[in-house]
$ cat data.txt   # compact mmCIF, C-alpha atoms
# COMPACT_ATOMS: atom_id res chain seq x y z
CA MET A 233 92.56 92.16 88.63
CA ALA A 234 95.55 93.69 90.39
CA ASP A 235 96.51 95.67 87.30
CA SER A 236 93.61 98.09 87.87
CA ARG A 237 95.72 99.66 90.62
CA SER A 238 99.02 99.39 88.82
CA TYR A 239 100.65 102.48 87.41
CA TYR A 240 103.31 101.39 84.96
CA THR A 241 103.11 104.55 82.87
CA LEU A 242 102.95 106.92 85.83
CA ILE A 243 105.80 105.39 87.80
CA ALA A 244 108.03 105.14 84.73
CA SER A 245 107.28 108.78 83.89
CA LEU A 246 108.58 109.99 87.27
CA PRO A 247 112.29 110.69 87.58
CA SER A 248 114.04 108.53 90.12
CA LEU A 249 114.54 110.14 93.50
CA PRO A 250 118.04 110.66 94.88
CA ARG A 251 119.49 108.35 97.52
CA HIS A 252 119.67 111.26 99.97
CA PHE A 253 117.15 114.05 100.31
CA ASP A 254 119.65 116.93 100.65
CA VAL A 255 119.97 117.81 96.99
CA GLU A 256 119.94 121.29 95.53
CA ARG A 257 116.93 121.01 93.29
CA LEU A 258 113.79 118.95 92.95
CA PRO A 259 113.94 116.02 90.51
CA ILE A 260 110.52 117.07 89.20
CA SER A 261 108.74 120.37 89.70
CA ALA A 262 105.42 120.59 91.55
CA PRO A 263 103.35 121.61 88.46
CA ARG A 264 104.83 118.81 86.39
CA LEU A 265 104.28 116.28 89.16
CA GLU A 266 100.68 117.44 89.47
CA GLU A 267 100.27 116.99 85.72
CA ARG A 268 101.60 113.42 85.90
CA LEU A 269 99.31 112.59 88.82
CA LYS A 270 96.34 113.16 86.53
CA MET A 271 96.96 109.58 85.39
CA LEU A 272 95.58 108.37 88.71
CA THR A 273 92.06 107.02 88.90
CA ASP A 274 89.52 109.20 90.71
CA GLU A 275 89.58 106.88 93.71
CA ASP A 276 93.37 106.98 94.02
CA ALA A 277 93.47 110.73 93.37
CA GLU A 278 91.18 111.10 96.38
CA ILE A 279 93.63 109.12 98.53
CA VAL A 280 96.47 111.36 97.34
CA ARG A 281 94.31 114.36 98.22
CA GLN A 282 93.86 112.92 101.73
CA TRP A 283 97.64 112.58 102.05
CA THR A 284 98.35 116.13 100.89
CA GLY A 285 95.53 117.36 103.13
CA PHE A 286 97.14 115.62 106.07
CA LEU A 287 100.54 117.14 105.25
CA HIS A 288 98.98 120.58 105.06
CA TRP A 289 97.28 120.09 108.43
CA ASP A 290 100.46 118.59 109.88
CA ARG A 291 102.46 121.68 108.96
CA GLN A 292 99.88 124.17 110.27
CA ILE A 293 99.61 122.73 113.73
CA LEU A 294 100.69 125.73 115.81
CA ASP A 295 97.32 127.09 116.92
CA ARG A 296 95.96 123.76 118.17
CA THR A 297 96.01 122.18 121.61
CA ASP A 298 97.21 118.60 122.08
CA GLU A 299 93.59 117.50 122.47
CA ASP A 300 92.66 119.19 119.19
CA VAL A 301 95.51 117.40 117.45
CA ALA A 302 94.56 114.02 118.93
CA ARG A 303 90.92 114.50 117.92
CA GLU A 304 91.82 115.58 114.39
CA TYR A 305 94.29 112.70 114.07
CA ARG A 306 91.58 110.19 115.00
CA ARG A 307 89.18 111.83 112.55
CA ILE A 308 91.71 111.67 109.72
CA LEU A 309 92.50 108.01 110.42
CA GLY A 310 88.78 107.24 110.54
CA GLU A 311 88.39 108.63 107.02
CA ILE A 312 91.29 106.70 105.53
CA SER A 313 90.97 103.08 104.51
CA ASN A 314 94.14 102.64 102.48
CA PRO A 315 96.48 100.61 104.76
CA THR A 316 99.71 102.09 103.39
CA LEU A 317 98.46 105.64 103.83
CA ARG A 318 97.36 104.83 107.38
CA GLU A 319 100.80 103.43 108.10
CA MET A 320 102.43 106.55 106.67
CA ILE A 321 100.28 108.88 108.74
CA GLU A 322 100.80 106.83 111.90
CA PHE A 323 104.56 106.90 111.36
CA ARG A 324 104.50 110.66 110.84
CA MET A 325 102.45 111.24 113.99
CA ASP A 326 104.64 108.86 116.02
CA THR A 327 107.63 110.92 114.94
CA ARG A 328 105.82 114.12 115.89
CA THR A 329 105.00 112.73 119.34
CA ILE A 330 108.65 111.81 119.92
CA ILE A 331 109.78 115.29 118.82
CA ALA A 332 107.24 116.88 121.17
CA ALA A 333 108.48 114.70 124.03
CA VAL A 334 112.13 115.64 123.43
CA ARG A 335 111.27 119.34 123.28
CA ARG A 336 109.03 119.27 126.34
CA ARG A 337 111.59 117.37 128.39
CA ARG A 338 114.23 119.92 127.38
CA ALA A 339 111.87 122.68 128.55
CA GLY A 340 111.36 120.89 131.86
CA MET A 341 107.73 120.06 131.09
CA PRO A 342 105.84 116.78 131.63
CA PRO A 343 105.37 114.28 128.76
CA PRO A 344 103.09 115.41 125.92
CA THR A 345 99.54 114.08 125.53
CA GLY A 346 100.63 112.93 122.10
CA VAL A 347 99.07 110.37 119.78
CA GLY A 348 100.15 107.03 118.40
CA GLN A 349 101.68 103.84 119.67
CA TRP A 350 104.55 105.34 121.72
CA VAL A 351 102.64 107.56 124.15
CA GLU A 352 102.79 105.05 127.01
CA GLN A 353 106.36 104.05 126.21
CA ILE A 354 107.46 107.69 126.37
CA ARG A 355 105.54 108.32 129.59
CA ASN A 356 107.09 105.26 131.24
CA ASN A 357 110.62 106.06 130.07
CA TYR A 358 110.61 109.83 130.15
CA ASP A 359 113.90 109.93 132.05
CA HIS A 360 115.69 107.73 129.55
CA PRO A 361 117.62 109.86 127.00
CA GLU A 362 115.94 108.09 124.07
CA PHE A 363 112.77 106.82 125.80
CA ARG A 364 114.19 103.31 125.16
CA LEU A 365 113.19 103.73 121.52
CA GLN A 366 116.73 103.89 120.12
CA GLY A 367 116.31 100.52 118.41
CA ARG A 368 113.59 101.90 116.15
CA TYR A 369 114.47 105.59 116.10
CA ASP A 370 118.23 105.99 115.96
CA TRP A 371 117.99 109.76 115.55
CA ILE A 372 116.49 110.67 118.95
CA GLY A 373 119.82 111.10 120.75
CA LYS A 374 121.37 113.14 117.96
CA PHE A 375 118.21 115.24 117.65
CA ASP A 376 118.28 115.97 121.36
CA ALA A 377 121.96 116.93 121.15
CA ALA A 378 121.29 119.21 118.17
CA LEU A 379 118.56 120.99 120.15
CA GLU A 380 120.90 121.33 123.09
CA HIS A 381 123.47 123.09 120.90
CA GLY A 382 120.80 125.26 119.27
CA GLU A 383 121.43 123.68 115.86
CA ALA A 384 117.92 123.91 114.45
CA ILE A 385 118.94 123.12 110.87
CA GLU A 386 120.89 120.06 111.94
CA ALA A 387 117.87 118.88 113.97
CA GLN A 388 115.65 119.37 110.92
CA ARG A 389 118.14 117.53 108.73
CA LEU A 390 118.15 114.55 111.11
CA LEU A 391 114.36 114.33 111.01
CA PHE A 392 114.19 114.62 107.23
CA ASP A 393 116.91 112.01 106.88
CA ALA A 394 115.15 109.55 109.21
CA ASN A 395 111.81 110.00 107.44
CA TYR A 396 113.35 109.82 104.00
CA ARG A 397 115.17 106.58 104.83
CA HIS A 398 111.97 105.12 106.29
CA TRP A 399 109.92 105.93 103.17
CA ALA A 400 112.73 104.61 100.94
CA ARG A 401 112.77 101.31 102.86
CA MET A 402 109.00 101.02 102.55
CA ALA A 403 109.17 101.83 98.84
CA GLU A 404 111.42 98.82 98.23
CA GLN A 405 108.37 96.59 98.69
CA PHE A 406 106.45 98.23 95.86
CA THR A 407 107.29 98.71 92.21
CA PHE A 408 104.47 99.83 89.95
CA SER A 409 101.62 99.95 92.45
CA PHE A 410 99.66 102.87 93.87
CA GLU A 411 101.59 102.47 97.11
CA ALA A 412 104.77 103.23 95.17
CA VAL A 413 103.15 106.50 94.05
CA LEU A 414 102.24 107.42 97.65
CA LEU A 415 105.76 106.72 98.88
CA TYR A 416 107.23 108.66 95.99
CA LEU A 417 105.12 111.65 97.00
CA ALA A 418 106.18 111.30 100.64
CA ARG A 419 109.87 111.44 99.69
CA TRP A 420 109.30 114.18 97.13
CA GLU A 421 107.67 116.29 99.83
CA ILE A 422 110.77 115.99 102.03
CA ILE A 423 113.03 117.09 99.16
CA ASP A 424 110.61 119.93 98.42
CA ARG A 425 110.72 121.13 102.01
CA TRP A 426 114.50 120.85 102.15
CA THR A 427 115.12 122.67 98.87
CA SER A 428 112.72 125.43 99.90
CA CYS A 429 114.49 125.90 103.24
CA ASP A 430 116.23 129.22 102.80
CA ASP A 431 116.79 132.26 104.97
CA GLU A 432 113.81 134.16 103.62
CA SER A 433 111.25 131.38 104.10
CA GLY A 434 112.74 130.59 107.51
CA LYS A 435 112.26 134.20 108.57
CA LYS A 436 108.70 134.21 107.25
CA ARG A 437 107.93 130.99 109.10
CA PHE A 438 109.39 132.44 112.31
CA GLU A 439 107.26 135.58 111.97
CA THR A 440 104.17 133.44 111.40
CA MET A 441 104.93 131.46 114.55
CA ILE A 442 105.37 134.67 116.55
CA THR A 443 102.10 136.09 115.24
CA GLU A 444 100.20 132.87 115.93
CA THR A 445 101.66 132.61 119.42
CA LEU A 446 101.38 136.22 120.53
CA GLY A 447 98.41 137.38 118.47
CA ASP A 448 97.94 141.16 118.60
CA TYR A 449 100.89 141.55 120.98
CA ALA A 450 103.27 140.48 118.22
CA ASN A 451 103.29 144.03 116.83
CA LEU A 452 103.51 145.76 120.20
CA PHE A 453 106.96 147.24 119.60
CA HIS A 454 106.64 147.96 115.88
CA MET B 85 82.73 59.65 78.11
CA ASP B 86 84.46 59.68 74.73
CA GLY B 87 82.92 63.06 74.04
CA VAL B 88 84.47 64.53 77.20
CA LEU B 89 87.88 63.12 76.35
CA ILE B 90 87.66 64.56 72.84
CA LEU B 91 86.61 67.93 74.31
CA LEU B 92 89.65 67.84 76.61
CA GLY B 93 91.80 67.09 73.58
CA TRP B 94 90.53 70.17 71.77
CA ILE B 95 91.10 72.33 74.84
CA GLY B 96 94.65 71.01 75.11
CA LEU B 97 95.27 71.62 71.44
CA PHE B 98 94.38 75.29 71.55
CA ALA B 99 95.55 76.05 75.12
CA PRO B 100 99.18 76.88 74.27
CA THR B 101 98.06 79.48 71.74
CA ALA B 102 95.26 80.97 73.83
CA LEU B 103 97.15 81.07 77.13
CA GLY B 104 100.34 82.21 75.41
CA ALA B 105 98.36 85.01 73.77
CA ILE B 106 96.86 86.10 77.12
CA GLY B 107 100.31 86.16 78.66
CA SER B 108 101.81 88.13 75.78
CA ILE B 109 98.94 90.63 75.88
CA LEU B 110 99.42 91.33 79.59
CA GLY B 111 103.21 91.24 79.48
CA CYS B 112 103.55 93.53 76.48
CA ALA B 113 100.92 95.87 77.92
CA ARG B 114 102.81 96.24 81.22
CA ALA B 115 106.16 96.79 79.57
CA GLY B 116 104.60 99.02 76.92
CA GLN B 117 102.99 101.24 79.54
CA ALA B 118 106.33 101.61 81.30
CA ALA B 119 107.97 102.46 77.96
CA CYS B 120 105.38 105.18 77.35
CA GLY B 121 105.97 106.60 80.83
CA ALA B 122 109.75 106.57 80.36
CA MET B 123 109.36 108.49 77.11
CA LEU B 124 107.80 111.33 79.11
CA ASP B 125 110.81 111.49 81.37
CA VAL B 126 113.77 111.20 78.99
CA GLU B 127 114.77 112.90 75.77
CA SER B 128 116.27 109.94 73.89
CA GLY B 129 116.54 106.16 73.78
CA TYR B 130 112.87 105.63 72.95
CA GLY B 131 113.60 102.85 70.46
CA ARG B 132 115.16 100.49 72.95
CA PHE B 133 112.25 100.99 75.38
CA VAL B 134 109.73 100.03 72.73
CA GLY B 135 111.91 97.15 71.56
CA LEU B 136 112.19 95.80 75.08
CA SER B 137 108.47 96.10 75.68
CA ALA B 138 107.88 93.66 72.80
CA LEU B 139 109.93 90.91 74.45
CA PRO B 140 106.93 89.06 75.99
CA SER B 141 105.49 88.51 72.51
CA SER B 142 107.69 85.42 72.00
CA GLN B 143 105.41 83.29 74.19
CA ILE B 144 102.53 83.45 71.73
CA ILE B 145 104.90 82.27 68.98
CA TYR B 146 105.99 79.31 71.12
CA GLY B 147 102.32 78.58 71.79
CA ILE B 148 101.49 78.49 68.10
CA VAL B 149 104.40 76.13 67.38
CA VAL B 150 103.32 73.79 70.22
CA MET B 151 99.75 73.86 68.91
CA PHE B 152 100.94 72.70 65.47
CA SER B 153 103.09 69.98 67.02
CA LEU B 154 100.05 68.70 68.94
CA GLN B 155 97.74 68.89 65.94
CA ARG B 156 96.36 65.50 64.89
CA THR B 157 93.02 63.72 64.68
CA ILE B 158 91.65 63.96 68.21
CA THR B 159 90.37 60.72 69.69
CA ALA B 160 89.40 59.40 73.14
CA GLU B 161 92.86 57.80 73.34
CA ASN B 162 94.97 60.90 72.69
CA GLY B 163 92.58 63.52 74.21
CA PRO B 164 93.95 63.34 77.80
CA GLY B 165 97.57 63.54 76.60
CA LEU B 166 96.85 66.57 74.43
CA PHE B 167 95.02 68.19 77.34
CA GLY B 168 97.83 67.63 79.83
CA ILE B 169 100.67 68.83 77.65
CA GLY B 170 98.72 71.66 76.03
CA VAL B 171 97.24 73.19 79.17
CA LEU B 172 100.36 72.92 81.30
CA CYS B 173 102.59 74.29 78.56
CA GLY B 174 100.06 77.09 77.97
CA LEU B 175 100.03 78.03 81.66
CA ALA B 176 103.83 78.12 81.76
CA LEU B 177 103.91 80.36 78.70
CA MET B 178 101.19 82.64 80.10
CA PHE B 179 102.85 83.23 83.46
CA SER B 180 106.28 83.64 81.94
CA ALA B 181 104.96 86.33 79.58
CA ILE B 182 103.18 88.23 82.36
CA TYR B 183 106.16 88.25 84.68
CA GLN B 184 108.56 88.92 81.87
CA GLY B 185 106.48 92.03 81.18
CA SER B 186 107.05 93.14 84.77
CA CYS B 187 110.79 92.48 84.42
CA CYS B 188 110.88 94.53 81.23
CA ALA B 189 108.95 97.37 82.89
CA SER B 190 111.47 97.42 85.74
CA ALA B 191 114.37 97.33 83.29
CA ILE B 192 112.92 100.30 81.42
CA ASN B 193 112.33 102.20 84.66
CA VAL B 194 115.80 101.71 86.10
CA SER B 195 117.77 102.17 82.88
CA LYS B 196 116.10 105.37 81.65
CA HIS B 197 118.54 107.53 83.63
CA LYS B 198 121.36 104.98 83.67
CA PRO B 199 121.73 103.74 80.10
CA GLU B 200 124.94 101.92 81.04
CA ILE B 201 122.97 99.31 83.02
CA PHE B 202 120.46 98.65 80.24
CA GLY B 203 122.05 95.33 79.22
CA LEU B 204 122.31 94.07 82.77
CA SER B 205 118.78 95.16 83.65
CA VAL B 206 117.41 92.99 80.83
CA ALA B 207 119.01 89.86 82.34
CA PRO B 208 116.03 88.98 84.62
CA ALA B 209 113.68 89.14 81.64
CA ALA B 210 116.05 86.88 79.67
CA ILE B 211 116.12 84.36 82.52
CA VAL B 212 112.31 84.27 82.61
CA GLU B 213 112.36 83.72 78.84
CA GLY B 214 114.64 80.72 79.45
CA PHE B 215 111.95 79.00 81.51
CA ALA B 216 109.40 79.57 78.76
CA VAL B 217 111.83 77.98 76.31
CA PHE B 218 112.14 74.90 78.57
CA ALA B 219 108.36 74.47 78.63
CA PHE B 220 108.23 74.96 74.86
CA ILE B 221 111.02 72.52 73.97
CA PHE B 222 109.83 69.71 76.22
CA ALA B 223 106.24 70.12 75.05
CA LEU B 224 107.56 69.55 71.52
CA VAL B 225 109.57 66.50 72.65
CA LEU B 226 106.63 64.94 74.52
CA SER B 227 104.12 65.66 71.79
CA GLY B 228 105.88 62.98 69.73
CA ASN B 229 104.76 60.34 72.25
CA ILE B 230 101.05 61.12 71.96
CA PRO B 231 99.24 58.62 69.72
CA ALA B 232 98.32 60.07 66.35

$ encode --input "data.txt" --output "structure tokens"
Amino acid sequence: MADSRSYYTLIASLPSLPRHFDVERLPISAPRLEERLKMLTDEDAEIVRQWTGFLHWDRQILDRTDEDVAREYRRILGEISNPTLREMIEFRMDTRTIIAAVRRRRAGMPPPTGVGQWVEQIRNNYDHPEFRLQGRYDWIGKFDAALEHGEAIEAQRLLFDANYRHWARMAEQFTFSFEAVLLYLARWEIIDRWTSCDDESGKKRFETMITETLGDYANLFH
Amino acid sequence: MDGVLILLGWIGLFAPTALGAIGSILGCARAGQAACGAMLDVESGYGRFVGLSALPSSQIIYGIVVMFSLQRTITAENGPGLFGIGVLCGLALMFSAIYQGSCCASAINVSKHKPEIFGLSVAPAAIVEGFAVFAFIFALVLSGNIPA
């Protein structure tokens, strides 16, 4: 019965997440969260592994072409049968496509190849400030403005905020189910990324991007 | 035919206890699991979590009382009446216990970091209990009309 995928103990053992993601410290540390997730069944632990694998891939996307990303995205979706996880991944990739479109338009480039449901919409409305998607994505205009003013942190904050609110809205539909665990992890990951955003890690990330982009030439003037 | 009616009577006689027990098992298990989880996350207030998780046990008590009120020599005449009242009352008790368990689990989850809302968070579980009490009381009232 439905209880086989209910996680009363696990959900109740997790501290509640804050209303906004921009807090100073994580509500639960990564090792402790990992420990609690051992309560999951093997099947559900595998789905969580797929989610964390996707996040890892999603954050290491620099050295791939658009075609590589689209192919990998289709492969990942082909492997995943859990409908909530599919929805989460699709939302994340839709967001990524919109971000790519905003950035490419700002750089005077054509629309991105992109993946997801908004590719055609973006292509057809590339001249519109918000691709006529403002009804669903209220952050596009502000994100574009933040990029225009060179406010990278503000742009990042807008994205985190939009994603966090989306996951929180989705989480309202679930209480003690596995889906609630997945959505908890999605929001926890945003808080984790935000709390680990400091000058040092930003610099390291920037150096990684330079190395991946320029290869051996990155150290030309060292 | 009489045999079937008598069989139905026996089913109706024991249904409030059996279905009430199933409901209490599931309800207490849900709330109890949430109480165990909450204990991992907080440093105090364990007693009230455990106390709350026992709330869905009342349905089995109601079921036992209804069973005794229905108890009589079962015949072809009173078999259908016992079946109707017993099974329907049992189902009401079972579902109320299961969903009351969910209400208790939610109350435990939301009040672990906000003890000040503990009383208010128990209200949904109390309302569900009220419906179980309705089914219980009116089963007792109607059982008096079944021929002995």

$ closest_atom_pairs --input "data.txt" --of "chain A" --to "chain B" --cutoff "7 Å" --atoms "all atoms listed in the file" --output "CSV"
residue,atom,partner,partner_atom,distance
A:Tyr240,CA,B:Ala118,CA,4.8
A:Thr241,CA,B:Gly121,CA,4.1
A:Leu242,CA,B:Gly121,CA,5.9
A:Ala244,CA,B:Gly121,CA,4.6
A:Ser245,CA,B:Gly121,CA,4.0
A:Leu246,CA,B:Asp125,CA,6.5
A:Pro247,CA,B:Asp125,CA,6.4

$ axis_aligned_box --input "data.txt" --around "stretch 164-181 of chain B" --padding-each-side "4 Å" --output "lines of an AutoDock Vina configuration file"
center_x = 100.1
center_y = 74.8
center_z = 78.9
size_x = 20.3
size_y = 31.0
size_z = 17.0

$ residues_around --input "data.txt" --residues "stretch 169-182 of chain B" --least-positions-apart "5" --cutoff "8 Å" --atoms "all atoms listed in the file" --output "CSV table (one decimal) with C-alpha atoms, keeping the file's coordinate frame"
chain,number,residue,atom,x,y,z
B,95,ILE,CA,91.1,72.3,74.8
B,96,GLY,CA,94.6,71.0,75.1
B,97,LEU,CA,95.3,71.6,71.4
B,98,PHE,CA,94.4,75.3,71.6
B,99,ALA,CA,95.6,76.0,75.1
B,100,PRO,CA,99.2,76.9,74.3
B,101,THR,CA,98.1,79.5,71.7
B,102,ALA,CA,95.3,81.0,73.8
B,103,LEU,CA,97.2,81.1,77.1
B,104,GLY,CA,100.3,82.2,75.4
B,105,ALA,CA,98.4,85.0,73.8
B,106,ILE,CA,96.9,86.1,77.1
B,107,GLY,CA,100.3,86.2,78.7
B,108,SER,CA,101.8,88.1,75.8
B,110,LEU,CA,99.4,91.3,79.6
B,111,GLY,CA,103.2,91.2,79.5
B,112,CYS,CA,103.6,93.5,76.5
B,140,PRO,CA,106.9,89.1,76.0
B,141,SER,CA,105.5,88.5,72.5
B,143,GLN,CA,105.4,83.3,74.2
B,144,ILE,CA,102.5,83.4,71.7
B,146,TYR,CA,106.0,79.3,71.1
B,147,GLY,CA,102.3,78.6,71.8
B,150,VAL,CA,103.3,73.8,70.2
B,151,MET,CA,99.8,73.9,68.9
B,154,LEU,CA,100.0,68.7,68.9
B,212,VAL,CA,112.3,84.3,82.6
B,213,GLU,CA,112.4,83.7,78.8
B,215,PHE,CA,112.0,79.0,81.5
B,216,ALA,CA,109.4,79.6,78.8
B,219,ALA,CA,108.4,74.5,78.6
B,220,PHE,CA,108.2,75.0,74.9
B,223,ALA,CA,106.2,70.1,75.0
B,226,LEU,CA,106.6,64.9,74.5
B,227,SER,CA,104.1,65.7,71.8

$ residues_around --input "data.txt" --residues "A:Asp254" --least-positions-apart "4" --cutoff "8 Å" --atoms "only C-alpha atoms" --output "ChimeraX atom specification"
/A:423,426-427

$ write_last_selection --input "data.txt" --atoms "C-alpha atoms" --output "PDB file, keeping the file's coordinate frame"
ATOM      1  CA  ILE A 423     113.030 117.090  99.160  1.00  0.00           C
ATOM      2  CA  TRP A 426     114.500 120.850 102.150  1.00  0.00           C
ATOM      3  CA  THR A 427     115.120 122.670  98.870  1.00  0.00           C
TER       4      THR A 427
END

$ atom_distance --input "data.txt" --atom1 "atom CA of A:His360" --atom2 "atom CA of A:Asp376"
11.9 Å

$ closest_residue --input "data.txt" --among "B:Ile148, B:Trp94, B:Cys188, B:Ile158" --to "B:Val134" --atoms "all atoms listed in the file"
B:Cys188

$ atom_distance --input "data.txt" --atom1 "atom CA of A:Ile312" --atom2 "atom CA of A:Trp283"
9.3 Å

$ atom_distance --input "data.txt" --atom1 "atom CA of B:Gln155" --atom2 "atom CA of B:Leu139"
26.6 Å

$ closest_residue --input "data.txt" --among "B:Leu136, B:Leu204, B:Ala160, B:Ala232" --to "B:Val88" --atoms "only C-alpha atoms"
B:Ala160

$ closest_residue --input "data.txt" --among "A:Phe323, A:Glu386, A:Glu278, A:Ile330" --to "A:Thr345" --atoms "only C-alpha atoms"
A:Ile330

$ closest_residue --input "data.txt" --among "B:Leu166, B:Val206, B:Ile145, B:Ala138" --to "B:Gly228" --atoms "only C-alpha atoms"
B:Leu166

$ residues_around --input "data.txt" --residues "A:Met325" --least-positions-apart "2" --cutoff "10 Å" --atoms "only C-alpha atoms" --output "PyMOL selection string"
chain A and resi 290+301-302+305+319-323+327-331+346-350

$ write_last_selection --input "data.txt" --atoms "C-alpha atoms" --output "mmCIF file, in the coordinates of the input"
data_model
loop_
_atom_site.group_PDB
_atom_site.id
_atom_site.type_symbol
_atom_site.label_atom_id
_atom_site.label_comp_id
_atom_site.auth_asym_id
_atom_site.auth_seq_id
_atom_site.Cartn_x
_atom_site.Cartn_y
_atom_site.Cartn_z
ATOM 1 C CA ASP A 290 100.460 118.590 109.880
ATOM 2 C CA VAL A 301 95.510 117.400 117.450
ATOM 3 C CA ALA A 302 94.560 114.020 118.930
ATOM 4 C CA TYR A 305 94.290 112.700 114.070
ATOM 5 C CA GLU A 319 100.800 103.430 108.100
ATOM 6 C CA MET A 320 102.430 106.550 106.670
ATOM 7 C CA ILE A 321 100.280 108.880 108.740
ATOM 8 C CA GLU A 322 100.800 106.830 111.900
ATOM 9 C CA PHE A 323 104.560 106.900 111.360
ATOM 10 C CA THR A 327 107.630 110.920 114.940
ATOM 11 C CA ARG A 328 105.820 114.120 115.890
ATOM 12 C CA THR A 329 105.000 112.730 119.340
ATOM 13 C CA ILE A 330 108.650 111.810 119.920
ATOM 14 C CA ILE A 331 109.780 115.290 118.820
ATOM 15 C CA GLY A 346 100.630 112.930 122.100
ATOM 16 C CA VAL A 347 99.070 110.370 119.780
ATOM 17 C CA GLY A 348 100.150 107.030 118.400
ATOM 18 C CA GLN A 349 101.680 103.840 119.670
ATOM 19 C CA TRP A 350 104.550 105.340 121.720
#

$ residues_around --input "data.txt" --residues "A:Ala378" --least-positions-apart "2" --cutoff "12 Å" --atoms "all atoms listed in the file" --output "mmCIF file with C-alpha atoms, in the frame of the given file"
data_model
loop_
_atom_site.group_PDB
_atom_site.id
_atom_site.type_symbol
_atom_site.label_atom_id
_atom_site.label_comp_id
_atom_site.auth_asym_id
_atom_site.auth_seq_id
_atom_site.Cartn_x
_atom_site.Cartn_y
_atom_site.Cartn_z
ATOM 1 C CA VAL A 334 112.130 115.640 123.430
ATOM 2 C CA ARG A 335 111.270 119.340 123.280
ATOM 3 C CA ARG A 338 114.230 119.920 127.380
ATOM 4 C CA TRP A 371 117.990 109.760 115.550
ATOM 5 C CA ILE A 372 116.490 110.670 118.950
ATOM 6 C CA GLY A 373 119.820 111.100 120.750
ATOM 7 C CA LYS A 374 121.370 113.140 117.960
ATOM 8 C CA PHE A 375 118.210 115.240 117.650
ATOM 9 C CA ASP A 376 118.280 115.970 121.360
ATOM 10 C CA GLU A 380 120.900 121.330 123.090
ATOM 11 C CA HIS A 381 123.470 123.090 120.900
ATOM 12 C CA GLY A 382 120.800 125.260 119.270
ATOM 13 C CA GLU A 383 121.430 123.680 115.860
ATOM 14 C CA ALA A 384 117.920 123.910 114.450
ATOM 15 C CA ILE A 385 118.940 123.120 110.870
ATOM 16 C CA GLU A 386 120.890 120.060 111.940
ATOM 17 C CA ALA A 387 117.870 118.880 113.970
ATOM 18 C CA GLN A 388 115.650 119.370 110.920
ATOM 19 C CA ARG A 389 118.140 117.530 108.730
ATOM 20 C CA LEU A 390 118.150 114.550 111.110
ATOM 21 C CA LEU A 391 114.360 114.330 111.010
#

$ residues_around --input "data.txt" --residues "stretch 395-403 of chain A" --least-positions-apart "5" --cutoff "6 Å" --atoms "all atoms listed in the file" --output "ChimeraX atom specification"
/A:412,415,419
